[in-house]
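Enquirer: As input, take my_file_3.txt (compact mmCIF, C-alpha atoms and all ligand atoms):
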```
# COMPACT_ATOMS: atom_id res chain seq x y z
CA MET A 8 -108.98 -11.51 -10.52
CA ARG A 9 -112.11 -10.76 -8.45
CA ILE A 10 -114.69 -8.12 -9.13
CA PRO A 11 -115.61 -6.24 -5.94
CA ILE A 12 -119.26 -6.32 -4.90
CA LEU A 13 -120.50 -3.47 -2.71
CA LYS A 14 -123.57 -3.63 -0.53
CA LEU A 15 -125.93 -0.66 -0.16
CA HIS A 16 -128.99 -1.34 2.01
CA ASP A 17 -130.95 -4.04 0.15
CA TYR A 18 -128.90 -3.67 -2.99
CA LEU A 19 -125.63 -4.85 -4.43
CA LEU A 20 -123.54 -2.50 -6.57
CA ILE A 21 -120.98 -3.86 -8.94
CA SER A 22 -118.77 -1.92 -11.29
CA VAL A 23 -116.88 -4.13 -13.70
CA GLN A 24 -113.48 -2.46 -14.10
CA VAL A 25 -111.33 -5.31 -15.35
CA GLU A 26 -110.86 -7.06 -18.66
CA LEU A 27 -113.30 -9.96 -18.42
CA ASP A 28 -111.48 -13.20 -19.07
CA ASP A 29 -113.52 -16.38 -18.83
CA GLN A 30 -112.47 -17.33 -15.31
CA THR A 31 -113.15 -13.84 -13.97
CA ALA A 32 -116.57 -13.84 -15.61
CA LEU A 33 -117.53 -17.22 -14.17
CA ARG A 34 -116.25 -16.40 -10.69
CA PHE A 35 -118.17 -13.13 -10.87
CA GLN A 36 -121.34 -15.08 -11.63
CA GLU A 37 -120.84 -17.27 -8.56
CA ASP A 38 -119.86 -14.37 -6.31
CA VAL A 39 -122.98 -12.36 -7.18
CA LEU A 40 -125.31 -15.28 -6.46
CA GLU A 41 -123.60 -16.09 -3.16
CA LYS A 42 -123.71 -12.47 -2.09
CA ILE A 43 -127.42 -12.20 -2.92
CA HIS A 44 -128.00 -15.26 -0.78
CA GLU A 45 -125.83 -14.04 2.11
CA GLU A 46 -127.22 -10.51 2.23
CA GLY A 47 -130.79 -11.26 1.18
CA SER A 48 -130.40 -8.60 -1.49
CA ARG A 49 -133.48 -7.54 -3.44
CA GLY A 50 -131.70 -5.80 -6.25
CA VAL A 51 -128.39 -5.70 -8.10
CA VAL A 52 -126.91 -3.00 -10.33
CA ILE A 53 -124.11 -4.13 -12.62
CA ASP A 54 -122.27 -1.19 -14.17
CA LEU A 55 -120.52 -1.94 -17.46
CA THR A 56 -119.16 1.56 -18.22
CA SER A 57 -115.56 0.32 -18.40
CA VAL A 58 -116.32 -2.80 -20.40
CA GLU A 59 -115.04 -2.38 -23.95
CA MET A 60 -116.15 -5.69 -25.41
CA ILE A 61 -118.91 -8.21 -24.78
CA ASP A 62 -118.63 -11.38 -26.84
CA SER A 63 -121.10 -14.27 -26.95
CA PHE A 64 -119.54 -15.98 -23.93
CA ILE A 65 -119.63 -12.91 -21.70
CA ALA A 66 -123.14 -12.10 -22.95
CA LYS A 67 -124.23 -15.59 -21.94
CA VAL A 68 -122.66 -15.24 -18.49
CA LEU A 69 -124.35 -11.86 -17.96
CA GLY A 70 -127.71 -13.17 -19.18
CA ASP A 71 -127.37 -16.15 -16.85
CA VAL A 72 -126.53 -13.91 -13.88
CA VAL A 73 -129.74 -11.99 -14.57
CA ASP A 74 -131.87 -15.13 -14.86
CA MET A 75 -130.35 -16.83 -11.82
CA SER A 76 -130.66 -13.69 -9.70
CA ASN A 77 -134.30 -13.36 -10.71
CA LEU A 78 -134.82 -16.95 -9.68
CA MET A 79 -133.40 -16.08 -6.28
CA GLY A 80 -135.75 -13.12 -5.98
CA ALA A 81 -133.35 -10.29 -6.82
CA ARG A 82 -133.84 -7.92 -9.76
CA VAL A 83 -130.81 -7.00 -11.86
CA VAL A 84 -130.28 -3.78 -13.79
CA LEU A 85 -127.39 -3.40 -16.24
CA THR A 86 -126.01 0.12 -16.62
CA GLY A 87 -123.48 2.05 -18.66
CA ILE A 88 -123.25 -0.22 -21.72
CA GLN A 89 -120.99 1.65 -24.17
CA PRO A 90 -122.46 2.55 -27.58
CA ALA A 91 -119.82 0.47 -29.40
CA VAL A 92 -120.67 -2.52 -27.21
CA ALA A 93 -124.41 -2.11 -27.76
CA ILE A 94 -123.91 -1.90 -31.54
CA THR A 95 -121.66 -4.97 -31.55
CA LEU A 96 -124.21 -7.00 -29.56
CA ILE A 97 -126.97 -6.07 -32.01
CA ASP A 98 -124.71 -6.96 -34.98
CA MET A 99 -124.04 -10.31 -33.35
CA GLY A 100 -127.77 -10.89 -33.01
CA ILE A 101 -127.52 -11.10 -29.24
CA VAL A 102 -130.50 -9.68 -27.42
CA LEU A 103 -130.34 -9.44 -23.67
CA ASP A 104 -134.03 -10.14 -23.53
CA GLU A 105 -136.12 -8.37 -20.94
CA VAL A 106 -133.07 -7.23 -19.03
CA PRO A 107 -133.71 -3.81 -17.51
CA THR A 108 -130.99 -1.31 -18.39
CA ALA A 109 -130.17 2.27 -17.46
CA LEU A 110 -127.62 4.89 -18.44
CA ASP A 111 -125.58 5.02 -15.25
CA LEU A 112 -125.39 3.72 -11.69
CA GLU A 113 -127.64 6.45 -10.31
CA GLN A 114 -130.39 5.82 -12.84
CA GLY A 115 -129.85 2.12 -12.34
CA LEU A 116 -130.70 2.47 -8.67
CA GLU A 117 -133.81 4.49 -9.52
CA ARG A 118 -134.81 1.86 -12.04
CA LEU A 119 -134.40 -0.86 -9.41
CA GLN A 120 -136.61 1.05 -7.00
CA LEU A 121 -139.28 1.28 -9.68
CA GLU A 122 -138.93 -2.40 -10.56
CA LEU A 123 -139.29 -3.40 -6.93
CA GLU A 124 -142.16 -1.11 -6.06
CA GLY A 125 -144.09 -1.41 -9.31
CA MET B 1 -94.59 -0.95 -43.44
CA GLN B 2 -97.41 -3.37 -42.86
CA VAL B 3 -97.88 -4.76 -39.44
CA GLN B 4 -98.45 -8.38 -38.65
CA THR B 5 -98.74 -10.18 -35.31
CA HIS B 6 -99.71 -13.60 -34.23
CA VAL B 7 -100.93 -14.96 -30.93
CA ASP B 8 -100.84 -18.62 -29.97
CA ILE B 9 -104.10 -19.83 -28.50
CA ASN B 10 -103.58 -22.66 -26.05
CA SER B 11 -105.21 -21.33 -22.90
CA GLU B 12 -107.89 -18.85 -21.87
CA TRP B 13 -105.14 -16.25 -21.58
CA GLY B 14 -104.47 -16.58 -25.27
CA ILE B 15 -108.03 -15.36 -25.89
CA VAL B 16 -107.39 -12.21 -23.85
CA ALA B 17 -103.96 -11.68 -25.46
CA ALA B 18 -105.41 -12.04 -28.97
CA ARG B 19 -108.15 -9.51 -28.43
CA GLN B 20 -105.76 -7.04 -26.81
CA ALA B 21 -103.36 -7.35 -29.76
CA GLY B 22 -106.33 -6.98 -32.11
CA ARG B 23 -107.62 -3.84 -30.46
CA LYS B 24 -104.14 -2.31 -30.53
CA LEU B 25 -103.67 -2.97 -34.24
CA ALA B 26 -107.22 -1.82 -35.07
CA ARG B 27 -106.53 1.44 -33.27
CA GLU B 28 -103.19 1.87 -35.05
CA ILE B 29 -104.77 1.30 -38.45
CA GLY B 30 -107.25 4.04 -37.59
CA PHE B 31 -110.53 2.22 -36.94
CA GLY B 32 -113.10 4.11 -34.87
CA SER B 33 -114.34 2.85 -31.51
CA VAL B 34 -117.31 0.92 -32.92
CA ASP B 35 -115.19 -0.96 -35.47
CA GLN B 36 -112.54 -1.55 -32.81
CA ALA B 37 -115.22 -3.23 -30.69
CA ARG B 38 -116.44 -5.25 -33.70
CA ILE B 39 -112.94 -6.45 -34.56
CA THR B 40 -112.04 -7.25 -30.96
CA THR B 41 -115.27 -9.19 -30.51
CA ALA B 42 -114.70 -11.15 -33.73
CA ILE B 43 -111.18 -12.08 -32.56
CA SER B 44 -112.54 -13.14 -29.19
CA GLU B 45 -115.11 -15.43 -30.83
CA LEU B 46 -112.58 -17.05 -33.16
CA ALA B 47 -109.97 -17.47 -30.43
CA ARG B 48 -112.49 -19.03 -28.06
CA ASN B 49 -113.66 -21.44 -30.73
CA ILE B 50 -110.04 -22.54 -31.28
CA TYR B 51 -109.54 -23.05 -27.56
CA LEU B 52 -112.88 -24.84 -27.07
CA TYR B 53 -113.01 -27.07 -30.11
CA ALA B 54 -109.41 -27.55 -31.23
CA ASN B 55 -107.53 -26.99 -27.93
CA GLN B 56 -104.91 -24.97 -29.67
CA GLY B 57 -104.18 -22.91 -32.71
CA GLN B 58 -103.20 -19.47 -33.81
CA ILE B 59 -104.69 -16.06 -34.49
CA LYS B 60 -102.82 -13.99 -37.04
CA ILE B 61 -103.72 -10.35 -37.47
CA GLU B 62 -102.37 -8.03 -40.12
CA GLU B 63 -102.91 -4.82 -41.94
CA VAL B 64 -104.01 -5.29 -45.56
CA THR B 65 -104.17 -2.96 -48.54
CA GLU B 66 -105.98 -3.86 -51.71
CA SER B 67 -106.76 -1.59 -54.65
CA GLY B 68 -106.41 1.52 -52.54
CA LYS B 69 -108.42 0.15 -49.61
CA ARG B 70 -106.91 -0.40 -46.17
CA GLY B 71 -108.14 -2.87 -43.67
CA MET B 72 -107.39 -5.50 -41.10
CA LYS B 73 -107.29 -9.20 -41.72
CA ILE B 74 -107.72 -11.92 -39.10
CA ILE B 75 -106.71 -15.48 -39.81
CA ALA B 76 -107.73 -18.07 -37.21
CA SER B 77 -106.18 -21.47 -37.82
CA ASP B 78 -106.11 -24.74 -35.96
CA GLU B 79 -105.41 -28.40 -36.55
CA GLY B 80 -108.41 -29.58 -34.58
CA PRO B 81 -111.31 -31.84 -35.55
CA GLY B 82 -112.54 -29.60 -38.37
CA ILE B 83 -116.14 -28.64 -39.05
CA LYS B 84 -118.39 -31.27 -40.59
CA ASP B 85 -121.30 -29.17 -41.77
CA LEU B 86 -120.14 -25.71 -42.75
CA ARG B 87 -123.63 -24.46 -43.53
CA ARG B 88 -124.99 -25.56 -40.19
CA VAL B 89 -122.38 -23.78 -38.04
CA MET B 90 -123.28 -20.51 -39.78
CA GLU B 91 -126.88 -20.72 -38.54
CA ASP B 92 -127.75 -18.48 -35.62
CA GLY B 93 -128.12 -20.58 -32.51
CA PHE B 94 -126.32 -23.70 -33.70
CA THR B 95 -123.96 -24.93 -30.97
CA THR B 96 -122.40 -28.20 -29.91
CA SER B 97 -121.22 -26.84 -26.57
CA GLY B 98 -124.27 -25.27 -24.92
CA GLY B 99 -123.18 -21.80 -26.03
CA LEU B 100 -125.41 -19.21 -27.67
CA GLY B 101 -124.33 -20.37 -31.12
CA ALA B 102 -123.80 -16.71 -31.92
CA GLY B 103 -120.05 -16.83 -32.56
CA LEU B 104 -119.51 -17.66 -36.23
CA PRO B 105 -122.66 -16.03 -37.68
CA GLY B 106 -121.85 -13.05 -35.47
CA VAL B 107 -118.29 -12.76 -36.77
CA LYS B 108 -119.60 -12.87 -40.33
CA ARG B 109 -121.92 -9.94 -39.63
CA LEU B 110 -119.34 -7.93 -37.68
CA MET B 111 -116.73 -8.13 -40.43
CA ASP B 112 -116.84 -7.29 -44.18
CA GLU B 113 -115.38 -10.47 -45.65
CA PHE B 114 -115.53 -13.95 -44.24
CA GLY B 115 -114.40 -17.37 -45.38
CA ILE B 116 -114.01 -20.82 -43.79
CA GLU B 117 -111.94 -23.71 -45.00
CA SER B 118 -112.22 -26.86 -43.00
CA GLU B 119 -111.30 -30.47 -43.46
CA GLN B 120 -112.45 -33.15 -41.06
CA ASP B 121 -109.64 -34.28 -38.75
CA GLU B 122 -107.30 -31.79 -40.43
CA GLY B 123 -108.38 -28.50 -38.98
CA THR B 124 -110.03 -25.21 -39.72
CA VAL B 125 -108.88 -21.90 -41.17
CA ILE B 126 -111.15 -18.88 -40.93
CA THR B 127 -110.15 -15.69 -42.72
CA THR B 128 -111.99 -12.44 -42.23
CA ILE B 129 -111.38 -8.80 -43.14
CA LYS B 130 -112.71 -5.45 -41.97
CA TRP B 131 -112.18 -2.52 -44.32
CA LEU B 132 -111.47 0.97 -43.13
CA ARG B 133 -114.19 3.37 -44.25
N1 LIG A 201 -112.33 -24.08 -34.86
C1 LIG A 201 -113.33 -24.98 -34.81
N2 LIG A 201 -113.08 -26.31 -34.92
C2 LIG A 201 -114.09 -27.21 -34.87
N3 LIG A 201 -115.39 -26.89 -34.71
C3 LIG A 201 -115.71 -25.60 -34.59
C4 LIG A 201 -114.71 -24.57 -34.62
N4 LIG A 201 -115.31 -23.37 -34.49
C5 LIG A 201 -116.62 -23.63 -34.35
N5 LIG A 201 -116.88 -24.96 -34.41
C6 LIG A 201 -118.22 -25.61 -34.34
O1 LIG A 201 -119.19 -24.67 -34.79
C7 LIG A 201 -120.21 -24.51 -33.82
C8 LIG A 201 -120.73 -23.10 -33.88
O2 LIG A 201 -119.73 -22.18 -33.44
P1 LIG A 201 -120.17 -20.76 -32.87
O3 LIG A 201 -118.95 -20.03 -32.44
O4 LIG A 201 -121.06 -20.11 -33.87
O5 LIG A 201 -121.09 -21.13 -31.61
P2 LIG A 201 -120.64 -21.73 -30.20
O6 LIG A 201 -119.16 -21.64 -30.06
O7 LIG A 201 -121.24 -23.08 -30.09
O8 LIG A 201 -121.37 -20.77 -29.16
P3 LIG A 201 -120.94 -19.24 -28.83
O9 LIG A 201 -119.84 -18.86 -29.76
O10 LIG A 201 -122.19 -18.43 -29.06
O11 LIG A 201 -120.51 -19.23 -27.40
C9 LIG A 201 -119.57 -24.90 -32.51
O12 LIG A 201 -120.52 -25.32 -31.56
C10 LIG A 201 -118.62 -26.02 -32.94
O13 LIG A 201 -119.31 -27.25 -33.05
MG MG A 202 -118.12 -19.84 -30.42
```
Taking this structure as input, can you express it in the form of structure tokens?
Ligand SMILES: Nc1ncnc2c1ncn2[C@@H]1O[C@H](COP(=O)(O)OP(=O)(O)OP(=O)(O)O)[C@@H](O)[C@H]1O
Ligand SMILES: [Mg+2]

Expert:
Amino acid sequence: MRIPILKLHDYLLISVQVELDDQTALRFQEDVLEKIHEEGSRGVVIDLTSVEMIDSFIAKVLGDVVDMSNLMGARVVLTGIQPAVAITLIDMGIVLDEVPTALDLEQGLERLQLELEG
Amino acid sequence: MQVQTHVDINSEWGIVAARQAGRKLAREIGFGSVDQARITTAISELARNIYLYANQGQIKIEEVTESGKRGMKIIASDEGPGIKDLRRVMEDGFTTSGGLGAGLPGVKRLMDEFGIESEQDEGTVITTIKWLR
């Protein structure tokens, strides 16, 4: 399974709509980094509205995508994290440190613009 | 009638199958969305540990009733290498695989009851329960 990555000007937009098994998560990580490199993207919005569970493995993959993208010069904003998922992550003691978040894709894009200009 | 299912964990697909079965049962028992996410996440952690550290094993999920309380029990069992230092693996951040080390301490916090039995070279059985509120 592959998660589609859309390009919008300098940005990449990704909406995760599938159940994230380990392979899909790891391939997603690679695909995002390659696409940033190919397109010279400055920002990435990853929308997690449809994601019903984030365990420690998926949290690590997401955190790594953010760090690696930053290293490549692209800012990442995570959007649409469900309340149940946010609560579970806090219970688990997992903090996605210093990762910018926003409520939805639209606000995510605004947040990116701020991050990049500010 | 009380429901019971088990999922064999011997590939990454077993992890996905176990959490799907877990979410379904949690919903049927009547857990709300937050507890469904907690239970599904706990199952995912336990199933991945089986796959990573023991190669194979089993996740058993069942409805439980006890002195008027209803809940869901998860039993994760394997015949892998076992856990040497039980106290250590419950510390946040302890990992032997470059993970976050958030799995076992996380499961303990997500669920209401938690117990590990492990014997070196014999395997590990982790039993955990979430009560319906
Ligand atoms: N079923 C098991 N059999 C043998 N050892 C285990 C088993 N489950 C866990 N362990 C040991 O306990 C350690 C801690 O497990 P825990 O799930 O908390 O963290 P992790 O798997 O290392 O990382 P994470 O779950 O955050 O990705 C593991 O690194 C492993 O050494
Ligand atoms: Mg683990």

Enquirer: Would you mind listing the residues within 9 Å of ligand MG 202 (chain A), counting all atoms listed in the file, as a list of chain:residue names?

Expert: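 Here is the list of contacting residues: A:Ser63, A:Phe64, B:Ser44, B:Glu45, B:Leu46, B:Ala47, B:Arg48, B:Asn49, B:Ile50, B:Leu52, B:Tyr53, B:Thr95, B:Ser97, B:Gly99, B:Leu100, B:Gly101, B:Ala102, B:Gly103, B:Leu104.
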
Enquirer: Tell me, as a PDB file with C-alpha atoms, in the coordinates of the input, which residues lie within 12 Å of Ile39 in chain B, counting all atoms listed in the file; anything in the same chain fewer than 2 positions away does not count.

Expert:
```pdb
ATOM      1  CA  GLU A  59    -115.040  -2.380 -23.950  1.00  0.00           C
ATOM      2  CA  MET A  60    -116.150  -5.690 -25.410  1.00  0.00           C
ATOM      3  CA  ILE A  61    -118.910  -8.210 -24.780  1.00  0.00           C
ATOM      4  CA  ASP A  62    -118.630 -11.380 -26.840  1.00  0.00           C
ATOM      5  CA  ALA A  91    -119.820   0.470 -29.400  1.00  0.00           C
ATOM      6  CA  VAL A  92    -120.670  -2.520 -27.210  1.00  0.00           C
ATOM      7  CA  THR A  95    -121.660  -4.970 -31.550  1.00  0.00           C
ATOM      8  CA  ASP A  98    -124.710  -6.960 -34.980  1.00  0.00           C
ATOM      9  CA  MET A  99    -124.040 -10.310 -33.350  1.00  0.00           C
TER      10      MET A  99
ATOM     11  CA  ALA B  18    -105.410 -12.040 -28.970  1.00  0.00           C
ATOM     12  CA  ARG B  19    -108.150  -9.510 -28.430  1.00  0.00           C
ATOM     13  CA  GLN B  20    -105.760  -7.040 -26.810  1.00  0.00           C
ATOM     14  CA  ALA B  21    -103.360  -7.350 -29.760  1.00  0.00           C
ATOM     15  CA  GLY B  22    -106.330  -6.980 -32.110  1.00  0.00           C
ATOM     16  CA  ARG B  23    -107.620  -3.840 -30.460  1.00  0.00           C
ATOM     17  CA  LYS B  24    -104.140  -2.310 -30.530  1.00  0.00           C
ATOM     18  CA  LEU B  25    -103.670  -2.970 -34.240  1.00  0.00           C
ATOM     19  CA  ALA B  26    -107.220  -1.820 -35.070  1.00  0.00           C
ATOM     20  CA  ARG B  27    -106.530   1.440 -33.270  1.00  0.00           C
ATOM     21  CA  ILE B  29    -104.770   1.300 -38.450  1.00  0.00           C
ATOM     22  CA  PHE B  31    -110.530   2.220 -36.940  1.00  0.00           C
ATOM     23  CA  GLY B  32    -113.100   4.110 -34.870  1.00  0.00           C
ATOM     24  CA  SER B  33    -114.340   2.850 -31.510  1.00  0.00           C
ATOM     25  CA  VAL B  34    -117.310   0.920 -32.920  1.00  0.00           C
ATOM     26  CA  ASP B  35    -115.190  -0.960 -35.470  1.00  0.00           C
ATOM     27  CA  GLN B  36    -112.540  -1.550 -32.810  1.00  0.00           C
ATOM     28  CA  ALA B  37    -115.220  -3.230 -30.690  1.00  0.00           C
ATOM     29  CA  THR B  41    -115.270  -9.190 -30.510  1.00  0.00           C
ATOM     30  CA  ALA B  42    -114.700 -11.150 -33.730  1.00  0.00           C
ATOM     31  CA  ILE B  43    -111.180 -12.080 -32.560  1.00  0.00           C
ATOM     32  CA  SER B  44    -112.540 -13.140 -29.190  1.00  0.00           C
ATOM     33  CA  GLU B  45    -115.110 -15.430 -30.830  1.00  0.00           C
ATOM     34  CA  LEU B  46    -112.580 -17.050 -33.160  1.00  0.00           C
ATOM     35  CA  ILE B  61    -103.720 -10.350 -37.470  1.00  0.00           C
ATOM     36  CA  GLY B  71    -108.140  -2.870 -43.670  1.00  0.00           C
ATOM     37  CA  MET B  72    -107.390  -5.500 -41.100  1.00  0.00           C
ATOM     38  CA  LYS B  73    -107.290  -9.200 -41.720  1.00  0.00           C
ATOM     39  CA  ILE B  74    -107.720 -11.920 -39.100  1.00  0.00           C
ATOM     40  CA  GLY B 106    -121.850 -13.050 -35.470  1.00  0.00           C
ATOM     41  CA  VAL B 107    -118.290 -12.760 -36.770  1.00  0.00           C
ATOM     42  CA  LYS B 108    -119.600 -12.870 -40.330  1.00  0.00           C
ATOM     43  CA  ARG B 109    -121.920  -9.940 -39.630  1.00  0.00           C
ATOM     44  CA  LEU B 110    -119.340  -7.930 -37.680  1.00  0.00           C
ATOM     45  CA  MET B 111    -116.730  -8.130 -40.430  1.00  0.00           C
ATOM     46  CA  ASP B 112    -116.840  -7.290 -44.180  1.00  0.00           C
ATOM     47  CA  THR B 128    -111.990 -12.440 -42.230  1.00  0.00           C
ATOM     48  CA  ILE B 129    -111.380  -8.800 -43.140  1.00  0.00           C
ATOM     49  CA  LYS B 130    -112.710  -5.450 -41.970  1.00  0.00           C
ATOM     50  CA  TRP B 131    -112.180  -2.520 -44.320  1.00  0.00           C
ATOM     51  CA  LEU B 132    -111.470   0.970 -43.130  1.00  0.00           C
TER      52      LEU B 132
END
```

Enquirer: Between A:Ala93, A:Val83, A:Ala109, A:Ile65, single out the one closest to ligand LIG 201 (chain A), counting all atoms listed in the file.

Expert: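 Smallest separation from ligand LIG 201 (chain A) among the options: A:Ile65.
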
Enquirer: Tell me, in Å to one decimal, how far CA of Gln24 in chain A is from CA of Leu55 in chain A.

Expert: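 Atom-to-atom, CA of Gln24 in chain A to CA of Leu55 in chain A, that is 7.8 Å.
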
Enquirer: Please write out, as lines of an AutoDock Vina configuration file, where the centre of an axis-aligned box around all listed atoms of ligand LIG 201 (chain A) lies and how long its edges are, in Å to one decimal, after adding 3 Å on each side.

Expert:
```
center_x = -117.3
center_y = -22.8
center_z = -31.2
size_x = 15.9
size_y = 14.8
size_z = 13.5
```

Enquirer: Measuring between all atoms listed in the file, which one of B:Gly57, B:Asp85, B:Val7, B:Gly98 shows the shortest distance to chain A?

Expert: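 So, comparing all the options, the nearest one is B:Gly98.
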
Enquirer: I need the residue nearest chain A from this list: B:Thr40, B:Thr127, B:Ser67, B:Gln120. Use only C-alpha atoms for the distance.

Expert: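 Using only C-alpha atoms, chain A sits closest to B:Thr40.
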
Enquirer: Might you pull out every residue within 12 Å of Glu45 in chain A, with all atoms listed in the file counted and same-chain residues fewer than 6 positions away left off, and present them as JSON, numbers by chain?

Expert: {"A": [14, 17, 18, 19, 38, 39, 79]}
